[in-house]
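Next comes query_2.cif, a file with mmCIF, C-alpha atoms and all ligand atoms.
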```cif
data_upload
#
loop_
_atom_site.group_PDB
_atom_site.id
_atom_site.type_symbol
_atom_site.label_atom_id
_atom_site.label_comp_id
_atom_site.auth_asym_id
_atom_site.auth_seq_id
_atom_site.Cartn_x
_atom_site.Cartn_y
_atom_site.Cartn_z
ATOM 1 C CA MET J 234 39.814 95.290 164.913
ATOM 2 C CA ALA J 235 39.809 97.142 168.207
ATOM 3 C CA ASP J 236 42.375 96.056 170.745
ATOM 4 C CA GLN J 237 40.917 95.405 174.181
ATOM 5 C CA ALA J 238 44.091 96.158 176.154
ATOM 6 C CA ASN J 239 42.503 99.155 177.933
ATOM 7 C CA ASP J 240 38.996 97.817 177.941
ATOM 8 C CA SER J 241 37.452 97.218 181.353
ATOM 9 C CA ARG J 242 35.894 94.101 179.828
ATOM 10 C CA ARG J 243 39.026 92.607 178.326
ATOM 11 C CA THR J 244 38.481 88.863 178.041
ATOM 12 C CA LEU J 245 39.633 87.012 181.157
ATOM 13 C CA VAL J 246 40.684 83.365 181.230
ATOM 14 C CA ALA J 247 41.180 82.276 184.846
ATOM 15 C CA GLY J 248 42.438 78.834 185.829
ATOM 16 C CA ASN J 249 41.200 77.549 189.183
ATOM 17 C CA TRP J 250 43.598 74.792 190.194
ATOM 18 C CA LYS J 251 41.538 73.831 193.239
ATOM 19 C CA MET J 252 43.506 71.397 195.459
ATOM 20 C CA HIS J 253 45.849 70.296 192.665
ATOM 21 C CA HIS J 254 49.579 70.897 192.064
ATOM 22 C CA ASP J 255 52.139 71.203 194.867
ATOM 23 C CA HIS J 256 54.494 74.171 194.578
ATOM 24 C CA LEU J 257 56.997 72.325 192.375
ATOM 25 C CA GLN J 258 54.294 71.208 189.954
ATOM 26 C CA ALA J 259 52.894 74.741 190.000
ATOM 27 C CA ILE J 260 56.287 76.223 189.115
ATOM 28 C CA ARG J 261 56.692 73.831 186.198
ATOM 29 C CA THR J 262 53.181 74.568 184.956
ATOM 30 C CA VAL J 263 53.558 78.359 184.893
ATOM 31 C CA GLN J 264 57.011 78.094 183.332
ATOM 32 C CA GLU J 265 55.556 75.991 180.524
ATOM 33 C CA LEU J 266 52.563 78.303 180.257
ATOM 34 C CA GLY J 267 54.929 81.239 179.787
ATOM 35 C CA LEU J 268 56.485 79.441 176.812
ATOM 36 C CA ARG J 269 53.176 78.438 175.266
ATOM 37 C CA LEU J 270 51.190 81.691 175.482
ATOM 38 C CA ASP J 271 51.181 83.756 172.304
ATOM 39 C CA PRO J 272 51.938 87.459 173.019
ATOM 40 C CA VAL J 273 49.495 88.466 170.284
ATOM 41 C CA ASP J 274 46.664 86.629 172.069
ATOM 42 C CA LEU J 275 47.575 88.359 175.326
ATOM 43 C CA LYS J 276 46.717 91.740 173.841
ATOM 44 C CA ARG J 277 43.116 90.583 173.850
ATOM 45 C CA VAL J 278 43.043 88.098 176.703
ATOM 46 C CA GLU J 279 44.138 88.436 180.319
ATOM 47 C CA VAL J 280 45.277 85.154 181.867
ATOM 48 C CA ALA J 281 45.169 84.351 185.576
ATOM 49 C CA VAL J 282 46.048 81.238 187.560
ATOM 50 C CA LEU J 283 44.575 80.532 190.989
ATOM 51 C CA PRO J 284 46.830 77.963 192.676
ATOM 52 C CA PRO J 285 46.482 76.514 196.186
ATOM 53 C CA PHE J 286 47.715 78.834 198.966
ATOM 54 C CA THR J 287 50.949 76.873 199.460
ATOM 55 C CA ASP J 288 51.959 77.591 195.842
ATOM 56 C CA LEU J 289 51.284 81.323 195.742
ATOM 57 C CA ARG J 290 54.717 82.573 196.790
ATOM 58 C CA SER J 291 56.528 80.200 194.421
ATOM 59 C CA VAL J 292 54.285 81.075 191.479
ATOM 60 C CA GLN J 293 54.543 84.799 192.218
ATOM 61 C CA THR J 294 58.349 84.546 192.163
ATOM 62 C CA VAL J 295 58.438 82.675 188.854
ATOM 63 C CA LEU J 296 55.980 85.066 187.192
ATOM 64 C CA GLU J 297 58.033 88.064 188.325
ATOM 65 C CA ASP J 298 61.501 86.653 187.659
ATOM 66 C CA ARG J 299 60.628 85.476 184.161
ATOM 67 C CA SER J 300 58.255 88.337 183.323
ATOM 68 C CA ILE J 301 55.512 85.853 182.481
ATOM 69 C CA PRO J 302 52.350 87.864 181.650
ATOM 70 C CA VAL J 303 50.048 85.826 183.855
ATOM 71 C CA VAL J 304 48.182 87.296 186.811
ATOM 72 C CA LEU J 305 48.027 85.651 190.214
ATOM 73 C CA GLY J 306 44.742 84.726 191.871
ATOM 74 C CA ALA J 307 43.577 82.896 194.989
ATOM 75 C CA GLN J 308 40.645 80.591 195.604
ATOM 76 C CA HIS J 309 39.267 81.871 198.899
ATOM 77 C CA CYS J 310 39.937 84.147 201.856
ATOM 78 C CA HIS J 311 38.501 84.864 205.278
ATOM 79 C CA ASP J 312 36.616 88.107 205.827
ATOM 80 C CA ARG J 313 38.658 89.177 208.870
ATOM 81 C CA ASP J 314 42.130 90.673 208.487
ATOM 82 C CA SER J 315 43.663 88.550 211.264
ATOM 83 C CA GLY J 316 42.605 86.533 214.265
ATOM 84 C CA ALA J 317 42.105 83.104 215.795
ATOM 85 C CA PHE J 318 40.758 81.386 212.672
ATOM 86 C CA THR J 319 42.803 78.212 212.377
ATOM 87 C CA GLY J 320 43.339 77.100 208.810
ATOM 88 C CA GLU J 321 42.134 80.322 207.222
ATOM 89 C CA VAL J 322 44.001 82.887 205.113
ATOM 90 C CA ALA J 323 43.384 86.652 205.311
ATOM 91 C CA ALA J 324 42.959 89.058 202.402
ATOM 92 C CA PRO J 325 45.950 91.276 203.377
ATOM 93 C CA MET J 326 48.196 88.188 203.246
ATOM 94 C CA LEU J 327 47.085 87.607 199.659
ATOM 95 C CA ALA J 328 47.494 91.267 198.742
ATOM 96 C CA ARG J 329 51.104 91.172 200.016
ATOM 97 C CA LEU J 330 51.792 88.321 197.607
ATOM 98 C CA GLY J 331 50.659 90.356 194.620
ATOM 99 C CA VAL J 332 47.396 88.463 194.239
ATOM 100 C CA ARG J 333 44.939 90.307 191.981
ATOM 101 C CA TYR J 334 41.859 88.060 191.800
ATOM 102 C CA VAL J 335 40.221 86.205 194.702
ATOM 103 C CA LEU J 336 37.256 83.874 194.297
ATOM 104 C CA ALA J 337 34.332 84.541 196.618
ATOM 105 C CA GLY J 338 31.695 81.879 197.023
ATOM 106 C CA HIS J 339 32.906 79.139 194.699
ATOM 107 C CA SER J 340 30.214 76.462 194.758
ATOM 108 C CA GLU J 341 32.637 73.985 196.341
ATOM 109 C CA ARG J 342 33.117 76.422 199.258
ATOM 110 C CA ARG J 343 29.360 76.912 199.491
ATOM 111 C CA LEU J 344 28.354 73.263 199.227
ATOM 112 C CA LEU J 345 31.248 71.376 200.822
ATOM 113 C CA PHE J 346 32.288 73.905 203.475
ATOM 114 C CA GLY J 347 28.948 75.529 204.270
ATOM 115 C CA GLN J 348 29.836 79.052 203.158
ATOM 116 C CA ASP J 349 26.594 81.062 203.131
ATOM 117 C CA ASP J 350 25.651 84.246 201.273
ATOM 118 C CA ALA J 351 26.526 86.444 204.258
ATOM 119 C CA GLN J 352 30.026 84.943 204.511
ATOM 120 C CA VAL J 353 30.518 85.280 200.755
ATOM 121 C CA GLY J 354 29.542 88.954 200.924
ATOM 122 C CA ALA J 355 31.869 89.578 203.856
ATOM 123 C CA ALA J 356 34.808 87.859 202.131
ATOM 124 C CA LEU J 357 34.113 89.826 198.941
ATOM 125 C CA ARG J 358 34.306 93.067 200.929
ATOM 126 C CA ALA J 359 37.610 91.984 202.485
ATOM 127 C CA VAL J 360 39.012 91.439 198.990
ATOM 128 C CA LEU J 361 37.898 94.930 197.952
ATOM 129 C CA ARG J 362 39.221 96.482 201.179
ATOM 130 C CA HIS J 363 42.679 95.245 200.304
ATOM 131 C CA GLY J 364 42.694 96.476 196.731
ATOM 132 C CA MET J 365 42.122 93.158 194.981
ATOM 133 C CA VAL J 366 39.391 92.104 192.572
ATOM 134 C CA PRO J 367 36.699 89.719 193.810
ATOM 135 C CA VAL J 368 35.440 87.018 191.491
ATOM 136 C CA LEU J 369 31.965 86.347 192.841
ATOM 137 C CA CYS J 370 30.851 82.822 191.913
ATOM 138 C CA VAL J 371 27.138 82.208 191.443
ATOM 139 C CA GLY J 372 25.157 79.367 189.914
ATOM 140 C CA GLU J 373 22.207 77.080 190.288
ATOM 141 C CA THR J 374 22.145 73.399 191.208
ATOM 142 C CA ALA J 375 20.595 70.788 188.907
ATOM 143 C CA GLU J 376 17.515 70.676 191.161
ATOM 144 C CA GLU J 377 17.092 74.452 191.030
ATOM 145 C CA ARG J 378 17.446 74.393 187.262
ATOM 146 C CA GLU J 379 14.881 71.611 186.879
ATOM 147 C CA ALA J 380 12.501 73.571 189.100
ATOM 148 C CA GLY J 381 12.856 76.609 186.804
ATOM 149 C CA ARG J 382 14.567 78.606 189.546
ATOM 150 C CA THR J 383 17.858 79.466 187.824
ATOM 151 C CA GLU J 384 17.231 83.203 187.497
ATOM 152 C CA GLU J 385 15.808 83.457 191.012
ATOM 153 C CA ARG J 386 18.901 81.733 192.439
ATOM 154 C CA LEU J 387 21.278 83.979 190.489
ATOM 155 C CA SER J 388 19.357 87.093 191.542
ATOM 156 C CA ASP J 389 19.503 86.098 195.204
ATOM 157 C CA GLN J 390 23.221 85.293 195.137
ATOM 158 C CA VAL J 391 24.155 88.479 193.296
ATOM 159 C CA ALA J 392 21.952 90.728 195.433
ATOM 160 C CA ALA J 393 23.228 89.240 198.694
ATOM 161 C CA ALA J 394 26.842 89.780 197.665
ATOM 162 C CA VAL J 395 26.794 93.226 196.062
ATOM 163 C CA GLN J 396 24.023 95.091 197.900
ATOM 164 C CA GLY J 397 25.431 98.329 199.294
ATOM 165 C CA LEU J 398 28.677 98.303 197.297
ATOM 166 C CA ALA J 399 29.740 101.542 195.621
ATOM 167 C CA GLU J 400 29.174 101.787 191.883
ATOM 168 C CA GLU J 401 32.899 101.769 191.153
ATOM 169 C CA GLN J 402 33.337 98.611 193.226
ATOM 170 C CA VAL J 403 30.675 96.843 191.163
ATOM 171 C CA ALA J 404 32.159 98.218 187.942
ATOM 172 C CA GLY J 405 35.546 96.712 188.775
ATOM 173 C CA MET J 406 34.424 93.313 189.924
ATOM 174 C CA VAL J 407 34.144 89.968 188.176
ATOM 175 C CA VAL J 408 31.203 87.592 188.480
ATOM 176 C CA ALA J 409 31.532 83.978 187.380
ATOM 177 C CA TYR J 410 28.329 82.227 186.378
ATOM 178 C CA GLU J 411 29.052 78.596 187.184
ATOM 179 C CA PRO J 412 26.091 76.229 187.062
ATOM 180 C CA VAL J 413 26.852 73.668 189.756
ATOM 181 C CA TRP J 414 25.733 70.787 187.527
ATOM 182 C CA ALA J 415 28.373 71.767 184.940
ATOM 183 C CA ILE J 416 31.385 71.920 187.264
ATOM 184 C CA GLY J 417 33.737 69.010 186.737
ATOM 185 C CA THR J 418 31.023 66.949 185.027
ATOM 186 C CA GLY J 419 31.754 67.437 181.330
ATOM 187 C CA ALA J 420 28.203 68.800 180.953
ATOM 188 C CA THR J 421 28.783 72.318 179.652
ATOM 189 C CA ALA J 422 25.947 74.844 179.424
ATOM 190 C CA THR J 423 24.981 75.699 175.875
ATOM 191 C CA ALA J 424 26.375 79.002 174.636
ATOM 192 C CA ALA J 425 22.815 80.340 174.541
ATOM 193 C CA ASP J 426 22.148 79.341 178.156
ATOM 194 C CA ALA J 427 25.489 80.780 179.305
ATOM 195 C CA GLN J 428 24.728 84.056 177.517
ATOM 196 C CA ALA J 429 21.211 84.240 178.976
ATOM 197 C CA ALA J 430 22.473 83.629 182.514
ATOM 198 C CA CYS J 431 25.328 86.135 182.165
ATOM 199 C CA ALA J 432 22.892 88.739 180.783
ATOM 200 C CA HIS J 433 20.628 88.093 183.757
ATOM 201 C CA VAL J 434 23.549 88.576 186.154
ATOM 202 C CA ARG J 435 24.432 91.853 184.420
ATOM 203 C CA GLY J 436 20.849 93.005 184.845
ATOM 204 C CA ARG J 437 21.038 92.232 188.568
ATOM 205 C CA LEU J 438 24.285 94.228 188.848
ATOM 206 C CA ALA J 439 22.542 97.138 187.131
ATOM 207 C CA ALA J 440 19.650 96.931 189.577
ATOM 208 C CA ALA J 441 21.990 96.831 192.578
ATOM 209 C CA ALA J 442 24.389 99.543 191.366
ATOM 210 C CA SER J 443 23.835 101.223 187.990
ATOM 211 C CA GLY J 444 23.692 100.423 184.306
ATOM 212 C CA ASP J 445 27.140 101.932 183.782
ATOM 213 C CA ALA J 446 28.653 99.857 186.578
ATOM 214 C CA ALA J 447 27.039 96.699 185.225
ATOM 215 C CA ALA J 448 28.295 97.477 181.717
ATOM 216 C CA SER J 449 31.874 97.668 183.019
ATOM 217 C CA ALA J 450 31.850 94.534 185.197
ATOM 218 C CA ARG J 451 33.185 91.338 183.716
ATOM 219 C CA ILE J 452 31.011 88.242 183.759
ATOM 220 C CA LEU J 453 32.573 84.861 183.098
ATOM 221 C CA TYR J 454 31.138 81.444 182.366
ATOM 222 C CA GLY J 455 32.542 78.418 184.202
ATOM 223 C CA GLY J 456 31.720 74.717 184.036
ATOM 224 C CA SER J 457 33.546 72.087 181.970
ATOM 225 C CA VAL J 458 35.188 74.646 179.708
ATOM 226 C CA ASN J 459 37.841 73.358 177.300
ATOM 227 C CA ALA J 460 39.688 74.569 174.216
ATOM 228 C CA GLU J 461 36.946 73.200 171.960
ATOM 229 C CA ASN J 462 33.963 74.978 173.538
ATOM 230 C CA THR J 463 35.627 78.257 174.616
ATOM 231 C CA ALA J 464 35.155 80.324 171.452
ATOM 232 C CA GLU J 465 31.457 79.579 171.234
ATOM 233 C CA LEU J 466 30.906 80.333 174.936
ATOM 234 C CA VAL J 467 32.884 83.575 174.839
ATOM 235 C CA GLY J 468 30.994 84.574 171.689
ATOM 236 C CA GLY J 469 28.023 85.616 173.825
ATOM 237 C CA PRO J 470 27.898 89.429 174.139
ATOM 238 C CA ASP J 471 27.662 89.258 177.935
ATOM 239 C CA VAL J 472 30.270 86.518 178.406
ATOM 240 C CA ASP J 473 33.608 88.212 179.101
ATOM 241 C CA GLY J 474 35.708 85.135 179.619
ATOM 242 C CA VAL J 475 35.875 81.785 181.348
ATOM 243 C CA LEU J 476 36.698 80.340 184.754
ATOM 244 C CA VAL J 477 38.300 76.965 184.150
ATOM 245 C CA GLY J 478 38.942 74.123 186.569
ATOM 246 C CA GLY J 479 40.145 70.767 185.235
ATOM 247 C CA ALA J 480 41.256 72.016 181.822
ATOM 248 C CA SER J 481 43.503 74.653 183.410
ATOM 249 C CA LEU J 482 45.829 72.200 185.148
ATOM 250 C CA GLU J 483 48.004 71.445 182.120
ATOM 251 C CA ALA J 484 49.793 74.371 180.482
ATOM 252 C CA ALA J 485 49.046 73.123 176.963
ATOM 253 C CA SER J 486 45.342 72.875 177.674
ATOM 254 C CA LEU J 487 45.137 76.296 179.351
ATOM 255 C CA ALA J 488 47.119 77.883 176.516
ATOM 256 C CA GLY J 489 44.692 76.292 174.036
ATOM 257 C CA ILE J 490 41.767 77.907 175.871
ATOM 258 C CA VAL J 491 43.506 81.282 175.795
ATOM 259 C CA ALA J 492 44.153 80.931 172.062
ATOM 260 C CA ALA J 493 40.513 80.007 171.459
ATOM 261 C CA ALA J 494 39.262 82.972 173.520
ATOM 262 C CA ALA J 495 41.525 85.283 171.532
ATOM 263 C CA THR J 496 39.826 84.289 168.271
ATOM 264 C CA VAL J 497 36.584 85.957 169.358
ATOM 265 C CA ARG J 498 36.251 89.458 167.982
ATOM 266 C CA PRO J 499 35.622 92.039 170.697
ATOM 267 C CA ALA J 500 32.705 93.354 168.651
ATOM 268 C CA ALA J 501 30.966 90.036 169.177
ATOM 269 C CA ARG J 502 30.842 90.782 172.907
ATOM 270 C CA ARG J 503 29.109 94.168 172.670
HETATM 271 C C1 LIG T 601 35.497 75.468 188.572
HETATM 272 O O1 LIG T 601 35.778 74.746 189.512
HETATM 273 O O2 LIG T 601 35.404 76.686 188.748
HETATM 274 C C2 LIG T 601 35.257 74.858 187.286
HETATM 275 C C3 LIG T 601 34.675 75.579 186.365
HETATM 276 O O3 LIG T 601 35.642 73.543 187.114
HETATM 277 P P1 LIG T 601 35.633 72.696 185.744
HETATM 278 O O4 LIG T 601 36.168 73.571 184.652
HETATM 279 O O5 LIG T 601 36.511 71.525 186.015
HETATM 280 O O6 LIG T 601 34.212 72.323 185.468
#
```
Please express what this file holds, its structure, as structure tokens.
Ligand code: PEP
Amino acid sequence: MADQANDSRRTLVAGNWKMHHDHLQAIRTVQELGLRLDPVDLKRVEVAVLPPFTDLRSVQTVLEDRSIPVVLGAQHCHDRDSGAFTGEVAAPMLARLGVRYVLAGHSERRLLFGQDDAQVGAALRAVLRHGMVPVLCVGETAEEREAGRTEERLSDQVAAAVQGLAEEQVAGMVVAYEPVWAIGTGATATAADAQAACAHVRGRLAAAASGDAAASARILYGGSVNAENTAELVGGPDVDGVLVGGASLEAASLAGIVAAAATVRPAARR
């Protein structure tokens, strides 16, 4: 079986901790995660945690000091590099902390904090400008799904965010398909629906950049993922991993998801 270690589409399991875990809880969680992750699984699966801003420095230190093979991510950033933006965090600040992945346009930022497509696109470009990898979050609401507008919504969100990016920028990015109705609800998309939506997103990336760029980009599914449904979801040929909220908070649960993702043969994703 081919090893995906050098594959641009190596499976990614990313844990979005949202506004959970203070820095002491975060330290304990990554320490335990380091003990629970199986090195064999990590040849196939890249693992990232996205803690709250106040935890980043502590988590970075623990990961480095203990050589824990987990990558650091952040949940949001402003599009400007500095300025009078009270309460915001700039991309260069995250880059200095060794952050690799930054979410752009998580549905909670869009719906609860009014982030629009233009702001998402600007933040995504800030992430790229500072050498990090954007994780563009897209997904339809329950109303849009019921109205048969899922693909239209995904097309609009992807186009607004990636239009004008260089091919290599698209090739290196991550998109997370996260149906809003599935986030934190326990209502997971079927594997077939997740695959269809991720394939649609890849088609939109191809239209905006090129087929080669789209074939290299990673597309994740997110929305009530757990250790039981991961393997089936990641079995879709266009589903390159999962973005996990609630089930990523406990080390045992996140490690279970990683182990499940590692059972999927790379060939099943081609
Ligand atoms: C998320 O917030 O990105 C998410 C997928 O949450 P949950 O796994 O809890 O549905």
Quick one: contact table of chain J to ligand LIG 601 (chain T), 6 Å max, nearest atom pair and distance in Å to one decimal per residue, counting only C-alpha atoms and all ligand atoms, chain and number order, as a tab-separated table?
```
residue	atom	partner	partner_atom	distance
J:Asn249	CA	T:LIG601	O2	5.9
J:Ala415	CA	T:LIG601	O6	5.9
J:Ile416	CA	T:LIG601	O6	3.4
J:Gly417	CA	T:LIG601	O6	3.6
J:Gly455	CA	T:LIG601	C3	4.2
J:Gly456	CA	T:LIG601	O6	3.7
J:Ser457	CA	T:LIG601	O6	3.6
J:Val458	CA	T:LIG601	O4	5.2
J:Leu476	CA	T:LIG601	C3	5.4
J:Val477	CA	T:LIG601	O4	4.0
J:Gly478	CA	T:LIG601	O3	3.4
J:Gly479	CA	T:LIG601	O5	3.8
```
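Distance-wise, CA of Asp314 in chain J and CA of His256 in chain J end up 24.9 Å apart.
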Judged by all atoms listed in the file, the minimum distance to His253 in chain J among J:Leu438, J:Leu283, J:Ala375, J:Leu336 is found for J:Leu283
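Contact shell of Gly372 in chain J at 10 Å (all atoms listed in the file; same-chain neighbours under 3 positions omitted): Gly338, His339, Ser340, Ala375, Glu377, Arg378, Thr383, Glu384, Arg386, Leu387, Ser388, Gln390, Val391, Ala409, Tyr410, Glu411, Pro412, Val413, Trp414, Ala415, Ala430, Tyr454, Gly455 and Gly456 of chain J.
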In Å to one decimal, how far is CA of Thr374 in chain J from CA of Ala424 in chain J? 18.0 Å
